[in-house]
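Taking it in order: structure first as structure tokens, then the write-up.
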Amino acid sequence: MKRIMIIMLFISVFCMADQRHFVWTYEYKIVNRGEVEFEHYYTTSYPNSSDLSDSMSVGHQLELEIGMNKRFDFAVYHQFEQNDRLNYKGYKLRGRYRVGEQNQYLLDPLLYIEYHGKPDFSKHDIESKLILAKETNRFIVAFNPVLEIEIGENEIEIEYAAGLTYKLNKLFHAGIELKGNENGNYFGPTISHGTHDIWFSLGTALAIGEVKNNKPEMEIRMIMGVGLK
């Protein structure tokens, strides 16, 4: 277990990319054509926000992104969950398509579609997002309506994520994020540091009111990334 954690940390620090200023909300960005980037998501979930030692779980997500052309990029994710031991949860395949040019519209649109799969092909989900964002000299604002479809179960879940960040300087940004669905809504601060080639973002999501279906009352997520090419 310790060896696996050391390897993941090494990869995150020395193989890091497509700079993110939020941890749950996507911006109007794709990986440039011919570039390759690696990201590591580290997420801790707490069912009881007043006792952080109570049944905490840890999630790892390893992502490799490839810029296909000036409008489209593709990514492969591998997901792991860690309680007493590290378990492989599954994989995701994702595509993003940039619509138009930046500042062509009131909000810059980007289309996002993702497939979630299990190693034994027992479950298939499709997640789609409409990414709407705007960046100025001082602020970045983004809103993501999300539609998730569980194939075979005829279940549809509607989610959202939104963020606002302020550029304190070229390297450090600070802001807030909101996210939620029918099981609960969350709010918390987000900070980011770095440049396009090497960066990290850190955010906390605290439940607003009641959460349902054993969802956590608090989550903390850190994303670290680096451009490989």
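For the structure tokens, the naming scheme is as follows: chains receive sequential letters (A, B, ...) according to their order of presentation, residues are indexed from 1 within each chain, and ligands are indexed from 1 in presentation order.
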* Asked: DSSP on the backbone: what in stretch 84-219 of chain A comes out strand (DSSP E or B), as a PyMOL selection string?
  -> chain A and resi 86-98+108-117+124-135+139-151+155-167+172-181+184-194+198-208+218-219
Using only C-alpha atoms, what does the table of stretch 78-185 of chain A residues within 10 Å of stretch 194-204 of chain A look like, with each row giving the shortest atom pair and its distance in Å to one decimal, sorted by chain and ascending number, as JSON lines?
{"residue": "A:Lys170", "atom": "CA", "partner": "A:Thr195", "partner_atom": "CA", "distance": 7.9}
{"residue": "A:Leu171", "atom": "CA", "partner": "A:Gly194", "partner_atom": "CA", "distance": 4.9}
{"residue": "A:Phe172", "atom": "CA", "partner": "A:Gly194", "partner_atom": "CA", "distance": 6.8}
{"residue": "A:His173", "atom": "CA", "partner": "A:Gly194", "partner_atom": "CA", "distance": 9.2}
{"residue": "A:Ala174", "atom": "CA", "partner": "A:Ser201", "partner_atom": "CA", "distance": 9.7}
{"residue": "A:Gly175", "atom": "CA", "partner": "A:Gly203", "partner_atom": "CA", "distance": 9.2}
{"residue": "A:Ile176", "atom": "CA", "partner": "A:Gly203", "partner_atom": "CA", "distance": 8.3}
{"residue": "A:Glu177", "atom": "CA", "partner": "A:Gly203", "partner_atom": "CA", "distance": 8.0}
{"residue": "A:Leu178", "atom": "CA", "partner": "A:Thr204", "partner_atom": "CA", "distance": 9.9}
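Near A:Glu210, within 9 Å and counting only C-alpha atoms, sit A:Asn183, A:Gly184, A:Asn185, A:Glu217, not including residues fewer than 5 positions from it in the same chain.
Proximity ranking of A:Asn32, A:Thr136, A:Gln61, A:Asn181 relative to A:Arg96 places A:Asn32 first, based on only C-alpha atoms.
Candidate residues A:Leu110, A:His116, A:Pro216, A:Ser192 were compared for distance to A:Arg20, and the nearest is A:Ser192, using only C-alpha atoms.
Between atom CA of A:Ser122 and atom CA of A:Glu63 lies a distance of 22.0 Å.
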* Asked: Can you tell me how far atom CA of A:Lys92 sits from atom CA of A:Met222, in Å to one decimal?
  -> 19.0 Å
* Name the residues in contact with A:Val99 at a cut-off of 8 Å, using only C-alpha atoms, excluding same-chain residues fewer than 4 positions from it; report them as an NGL selection string. => :A and (71 or 108-111)
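Among the candidates A:Leu62, A:Ala162, A:Leu132, A:Leu93, the one nearest to A:Gln79 when counting only C-alpha atoms is A:Leu62.
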Give me the stretch 9-108 of chain A side of the contact with stretch 144-151 of chain A, cut-off 12 Å, one line per residue showing its nearest atom pair and distance in Å at one decimal, counting only C-alpha atoms, sorted by chain and residue number, as a tab-separated table.
residue	atom	partner	partner_atom	distance
A:Phe22	CA	A:Asn144	CA	11.8
A:Trp24	CA	A:Asn144	CA	9.4
A:Thr25	CA	A:Asn144	CA	6.6
A:Tyr26	CA	A:Asn144	CA	6.9
A:Glu27	CA	A:Asn144	CA	8.7
A:Tyr28	CA	A:Asn144	CA	10.5
A:Leu107	CA	A:Asn144	CA	11.7
A:Asp108	CA	A:Asn144	CA	11.7
* To do: Grab the atom CA of A:Lys89 to atom CA of A:Thr44 distance for me, in Å with one decimal place.
  => 15.4 Å
Considering only C-alpha atoms, return as a PDB file with N, CA, C and O atoms, in the first residue's frame whatever protein or nucleic-acid residues lie within 7 Å of A:Met218, sequence-local ones (same chain, fewer than 6 positions apart) excluded.
ATOM      1  N   SER A  45     -13.361  12.009   1.210  1.00  0.00           N
ATOM      2  CA  SER A  45     -14.796  12.166   1.479  1.00  0.00           C
ATOM      3  C   SER A  45     -15.073  11.834   2.936  1.00  0.00           C
ATOM      4  O   SER A  45     -14.589  10.811   3.449  1.00  0.00           O
ATOM      5  N   TYR A  46     -15.864  12.689   3.585  1.00  0.00           N
ATOM      6  CA  TYR A  46     -16.147  12.554   5.011  1.00  0.00           C
ATOM      7  C   TYR A  46     -17.662  12.474   5.221  1.00  0.00           C
ATOM      8  O   TYR A  46     -18.373  13.457   4.977  1.00  0.00           O
ATOM      9  N   PRO A  47     -18.179  11.325   5.664  1.00  0.00           N
ATOM     10  CA  PRO A  47     -19.620  11.209   5.891  1.00  0.00           C
ATOM     11  C   PRO A  47     -20.114  12.084   7.033  1.00  0.00           C
ATOM     12  O   PRO A  47     -21.284  12.472   7.064  1.00  0.00           O
ATOM     13  N   SER A  49     -19.031  15.576   8.914  1.00  0.00           N
ATOM     14  CA  SER A  49     -18.120  16.722   8.902  1.00  0.00           C
ATOM     15  C   SER A  49     -17.702  17.162  10.299  1.00  0.00           C
ATOM     16  O   SER A  49     -16.725  17.892  10.448  1.00  0.00           O
ATOM     17  N   ALA A 205     -15.599  21.182  -0.318  1.00  0.00           N
ATOM     18  CA  ALA A 205     -17.041  21.246  -0.536  1.00  0.00           C
ATOM     19  C   ALA A 205     -17.755  20.850   0.752  1.00  0.00           C
ATOM     20  O   ALA A 205     -17.629  19.709   1.208  1.00  0.00           O
ATOM     21  N   LEU A 206     -18.488  21.782   1.333  1.00  0.00           N
ATOM     22  CA  LEU A 206     -19.258  21.554   2.555  1.00  0.00           C
ATOM     23  C   LEU A 206     -20.742  21.492   2.213  1.00  0.00           C
ATOM     24  O   LEU A 206     -21.240  22.320   1.446  1.00  0.00           O
ATOM     25  N   ALA A 207     -21.432  20.518   2.771  1.00  0.00           N
ATOM     26  CA  ALA A 207     -22.855  20.350   2.477  1.00  0.00           C
ATOM     27  C   ALA A 207     -23.656  21.545   2.975  1.00  0.00           C
ATOM     28  O   ALA A 207     -23.439  22.053   4.073  1.00  0.00           O
TER      29      ALA A 207
END
Could you list, as an mmCIF file with N, CA, C and O atoms, in the first residue's frame, every residue within 8 Å of A:Ile30, counting only C-alpha atoms and ignoring same-chain residues fewer than 6 positions away?
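selection21.cif, freshly written:
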data_model
loop_
_atom_site.group_PDB
_atom_site.id
_atom_site.type_symbol
_atom_site.label_atom_id
_atom_site.label_comp_id
_atom_site.auth_asym_id
_atom_site.auth_seq_id
_atom_site.Cartn_x
_atom_site.Cartn_y
_atom_site.Cartn_z
ATOM 1 N N ASP A 18 -3.052 20.928 -18.317
ATOM 2 C CA ASP A 18 -4.106 21.836 -18.757
ATOM 3 C C ASP A 18 -4.607 22.514 -17.490
ATOM 4 O O ASP A 18 -5.353 21.931 -16.726
ATOM 5 N N GLY A 67 -4.241 16.415 -26.896
ATOM 6 C CA GLY A 67 -4.850 17.383 -27.805
ATOM 7 C C GLY A 67 -4.885 16.827 -29.216
ATOM 8 O O GLY A 67 -3.845 16.563 -29.825
ATOM 9 N N ARG A 71 -9.726 22.096 -31.787
ATOM 10 C CA ARG A 71 -11.025 22.185 -31.103
ATOM 11 C C ARG A 71 -11.343 20.988 -30.214
ATOM 12 O O ARG A 71 -12.251 21.068 -29.398
ATOM 13 N N PHE A 72 -10.630 19.883 -30.359
ATOM 14 C CA PHE A 72 -11.030 18.641 -29.694
ATOM 15 C C PHE A 72 -9.858 18.015 -28.954
ATOM 16 O O PHE A 72 -8.740 17.954 -29.482
ATOM 17 N N ASP A 73 -10.111 17.576 -27.721
ATOM 18 C CA ASP A 73 -9.121 16.771 -27.005
ATOM 19 C C ASP A 73 -9.783 15.518 -26.446
ATOM 20 O O ASP A 73 -11.014 15.422 -26.357
ATOM 21 N N ARG A 96 -13.722 16.488 -25.290
ATOM 22 C CA ARG A 96 -14.181 17.872 -25.149
ATOM 23 C C ARG A 96 -14.063 18.565 -26.505
ATOM 24 O O ARG A 96 -13.060 18.403 -27.206
ATOM 25 N N TYR A 97 -15.089 19.346 -26.844
ATOM 26 C CA TYR A 97 -15.099 20.053 -28.126
ATOM 27 C C TYR A 97 -15.341 21.534 -27.881
ATOM 28 O O TYR A 97 -16.356 21.913 -27.282
ATOM 29 N N ARG A 98 -14.420 22.350 -28.318
ATOM 30 C CA ARG A 98 -14.511 23.787 -28.110
ATOM 31 C C ARG A 98 -15.324 24.417 -29.234
ATOM 32 O O ARG A 98 -15.002 24.270 -30.412
#
